[in-house]
Amino acid sequence: MNAAVSQWQIRLEAPGDAAAVEALNAEGFGPGRCAKSVYRLREGVAPVSALSFVAVDFDVSGREVLRGSVRFWPIRVGGHEELLLGPLAVQSAQRGRGIGIALMQAGIAAAQAGPWRGILLIGDEPYYTKVGFSRLLPGRVRFPGPVDQNRILGLSLKAGELLNLSGEVRRGAIDDPVCASGAGVG
Ligand SMILES: CC(C)(COP(=O)(O)OP(=O)(O)OC[C@H]1O[C@@H](n2cnc3c(N)ncnc32)[C@H](O)[C@@H]1OP(=O)(O)O)[C@@H](O)C(=O)NCCC(=O)NCCS
């Protein structure tokens with residue numbers, strides 16, 4: 001049995017975590033997740049590594065077990081580089097322990113030290129208000145594909161400033177040379 005014996009901890013995602021993070025996202029979002037229009041914003045673009053956090057705890061033999069993950073993608077909003085939060089996923093048996101909130105808080109705190117003005121996401125407002133997100137007025141930002149306007153949420157990263165993002169939402173700088181050449185982009 002791999003029972004967890006310790007309280008979870010948050011740390012930066014490491015290169016060796018990639019497979020476990022992918023498994024978590026597959027468990028959390030299911031096989032159709034990559035077909036969502038928001039995934040088009042991630043194609044060919046790497047997440048911001050300084051903002052990618054995982055939650056871990058340790059099994060009885062002291063082996064680290066990954067329990068949750070959050071990543072942020074660079075996007076362009078009205079011509080400015082900003083952030084898209086997600087995917088955020090917590091192992092189903094570990095939900096309700098505060099891991100999701102703590103992962104987001106770690107990412108948001110790290111992002112406040114960066115150049116971005118704000119974070120967008122598409123998700124359930126009652127959950128994300130717990131870390132300060134609020135719903136954007138319909139039409140203020142325009143995603144490339146079909147998106148439920150009521151689920152577009154935003155957070156200002158600048159202390160004391162209201163979120164000031166508007167316009168078209170586009171992919172961030174493409175850093176995958178295959179995609180940059182146009183291959184695979186529909
Ligand atoms: C959403 C998710 C990340 C939450 O992780 P978690 O570690 O269980 O969250 P936390 O323990 O930090 O927070 C739990 C609190 O948020 C609430 N909550 C969780 N999901 C919620 C939702 N979708 N809407 C409203 N409230 C929600 C819980 O009821 C709980 O409230 P309480 O503290 O008042 O009891 C997790 O359920 C998950 O991985 N789901 C599958 C993937 C997913 O849907 N990701 C988000 C995409 S929008």
# chains A, B, ... in the order shown; residues from 1 in each chain; ligands from 1

$ residues_around --residues "A:Tyr128" --least-positions-apart "4" --cutoff "10 Å" --atoms "only C-alpha atoms" --output "short mmCIF file (atom, residue, chain, number, x, y, z; two decimals) with N, CA and C atoms, in the first residue's frame"
data_model
loop_
_atom_site.label_atom_id
_atom_site.label_comp_id
_atom_site.auth_asym_id
_atom_site.auth_seq_id
_atom_site.Cartn_x
_atom_site.Cartn_y
_atom_site.Cartn_z
N GLY A 100 -5.26 22.53 -4.41
CA GLY A 100 -5.51 23.36 -5.60
C GLY A 100 -5.30 24.84 -5.30
N ILE A 101 -5.84 25.30 -4.18
CA ILE A 101 -5.69 26.71 -3.79
C ILE A 101 -4.21 27.03 -3.57
N MET A 104 -2.27 27.36 -6.82
CA MET A 104 -2.54 28.64 -7.51
C MET A 104 -1.88 29.81 -6.77
N LEU A 121 -8.24 33.02 -17.11
CA LEU A 121 -8.51 31.59 -17.13
C LEU A 121 -9.95 31.38 -17.53
N ILE A 122 -10.26 30.15 -17.88
CA ILE A 122 -11.64 29.78 -18.15
C ILE A 122 -12.00 28.71 -17.15
N GLY A 123 -12.94 29.03 -16.26
CA GLY A 123 -13.25 28.05 -15.20
C GLY A 123 -14.43 28.49 -14.36
N ASP A 124 -14.62 27.74 -13.28
CA ASP A 124 -15.77 27.95 -12.39
C ASP A 124 -15.50 29.13 -11.46
N GLY A 132 -8.96 35.21 -5.73
CA GLY A 132 -9.02 36.60 -6.18
C GLY A 132 -9.51 36.83 -7.60
N PHE A 133 -9.83 35.77 -8.34
CA PHE A 133 -10.32 35.97 -9.72
C PHE A 133 -11.75 36.48 -9.70
N SER A 134 -12.09 37.25 -10.75
CA SER A 134 -13.47 37.66 -10.93
C SER A 134 -13.83 37.61 -12.40
N ARG A 135 -15.12 37.60 -12.65
CA ARG A 135 -15.59 37.45 -14.03
C ARG A 135 -15.36 38.73 -14.84
N LEU A 153 -12.49 34.45 -16.55
CA LEU A 153 -12.15 35.11 -15.28
C LEU A 153 -10.78 35.75 -15.39
N GLY A 154 -10.55 36.77 -14.57
CA GLY A 154 -9.26 37.45 -14.61
C GLY A 154 -8.82 37.91 -13.23
N LEU A 155 -7.52 38.12 -13.12
CA LEU A 155 -6.91 38.58 -11.86
C LEU A 155 -5.82 39.59 -12.20
#

$ closest_atom_pairs --of "chain A" --to "ligand 1" --cutoff "8 Å" --atoms "only C-alpha atoms and all ligand atoms" --output "tab-separated table"
residue	atom	partner	partner_atom_place_in_ligand_line	distance
A:Asn25	CA	ligand 1	42 (C)	7.1
A:Glu27	CA	ligand 1	41 (C)	7.6
A:Gly28	CA	ligand 1	41 (C)	4.0
A:Phe29	CA	ligand 1	42 (C)	5.4
A:Gly68	CA	ligand 1	39 (O)	7.4
A:Gly86	CA	ligand 1	47 (C)	7.2
A:Pro87	CA	ligand 1	45 (N)	6.6
A:Leu88	CA	ligand 1	45 (N)	5.0
A:Ala89	CA	ligand 1	39 (O)	3.4
A:Val90	CA	ligand 1	39 (O)	3.8
A:Gln91	CA	ligand 1	39 (O)	6.2
A:Ser92	CA	ligand 1	39 (O)	6.5
A:Gln94	CA	ligand 1	7 (O)	6.6
A:Arg95	CA	ligand 1	8 (O)	3.2
A:Gly96	CA	ligand 1	11 (O)	3.3
A:Arg97	CA	ligand 1	11 (O)	4.2
A:Gly98	CA	ligand 1	11 (O)	3.2
A:Ile99	CA	ligand 1	7 (O)	3.9
A:Gly100	CA	ligand 1	7 (O)	3.6
A:Ile101	CA	ligand 1	12 (O)	3.8
A:Ala102	CA	ligand 1	12 (O)	6.3
A:Leu103	CA	ligand 1	12 (O)	8.0
A:Ile122	CA	ligand 1	48 (S)	6.4
A:Gly123	CA	ligand 1	48 (S)	3.8
A:Asp124	CA	ligand 1	23 (N)	5.2
A:Glu125	CA	ligand 1	24 (N)	6.9
A:Pro126	CA	ligand 1	25 (C)	4.5
A:Tyr127	CA	ligand 1	25 (C)	4.0
A:Tyr128	CA	ligand 1	25 (C)	7.6
A:Lys130	CA	ligand 1	16 (O)	7.8

$ residues_around --residues "A:Ser37" --least-positions-apart "3" --cutoff "12 Å" --atoms "only C-alpha atoms" --output "number ranges by chain"
A: 32-34, 40-43, 122, 143-148, 169-171

$ closest_residue --among "A:Leu136, A:Gly78, A:Leu85, A:Leu157" --to "A:Trp116" --atoms "only C-alpha atoms"
A:Leu157

$ select_by_dssp --residues "stretch 3-108 of chain A" --states "strand (DSSP E)" --output "ChimeraX atom specification"
/A:9-12,53-58,64-77,80-90

$ closest_residue --among "A:Ala113, A:Val38, A:Ile108, A:Ala55" --to "A:Arg142" --atoms "only C-alpha atoms"
A:Val38

$ select_by_dssp --residues "chain A" --states "alpha helix (DSSP H)" --output "PyMOL selection string"
chain A and resi 18-29+99-111+125-128+177-180

$ closest_residue --among "A:Ile119, A:Ala50, A:Val56, A:Leu165" --to "A:Ile10" --atoms "only C-alpha atoms"
A:Val56
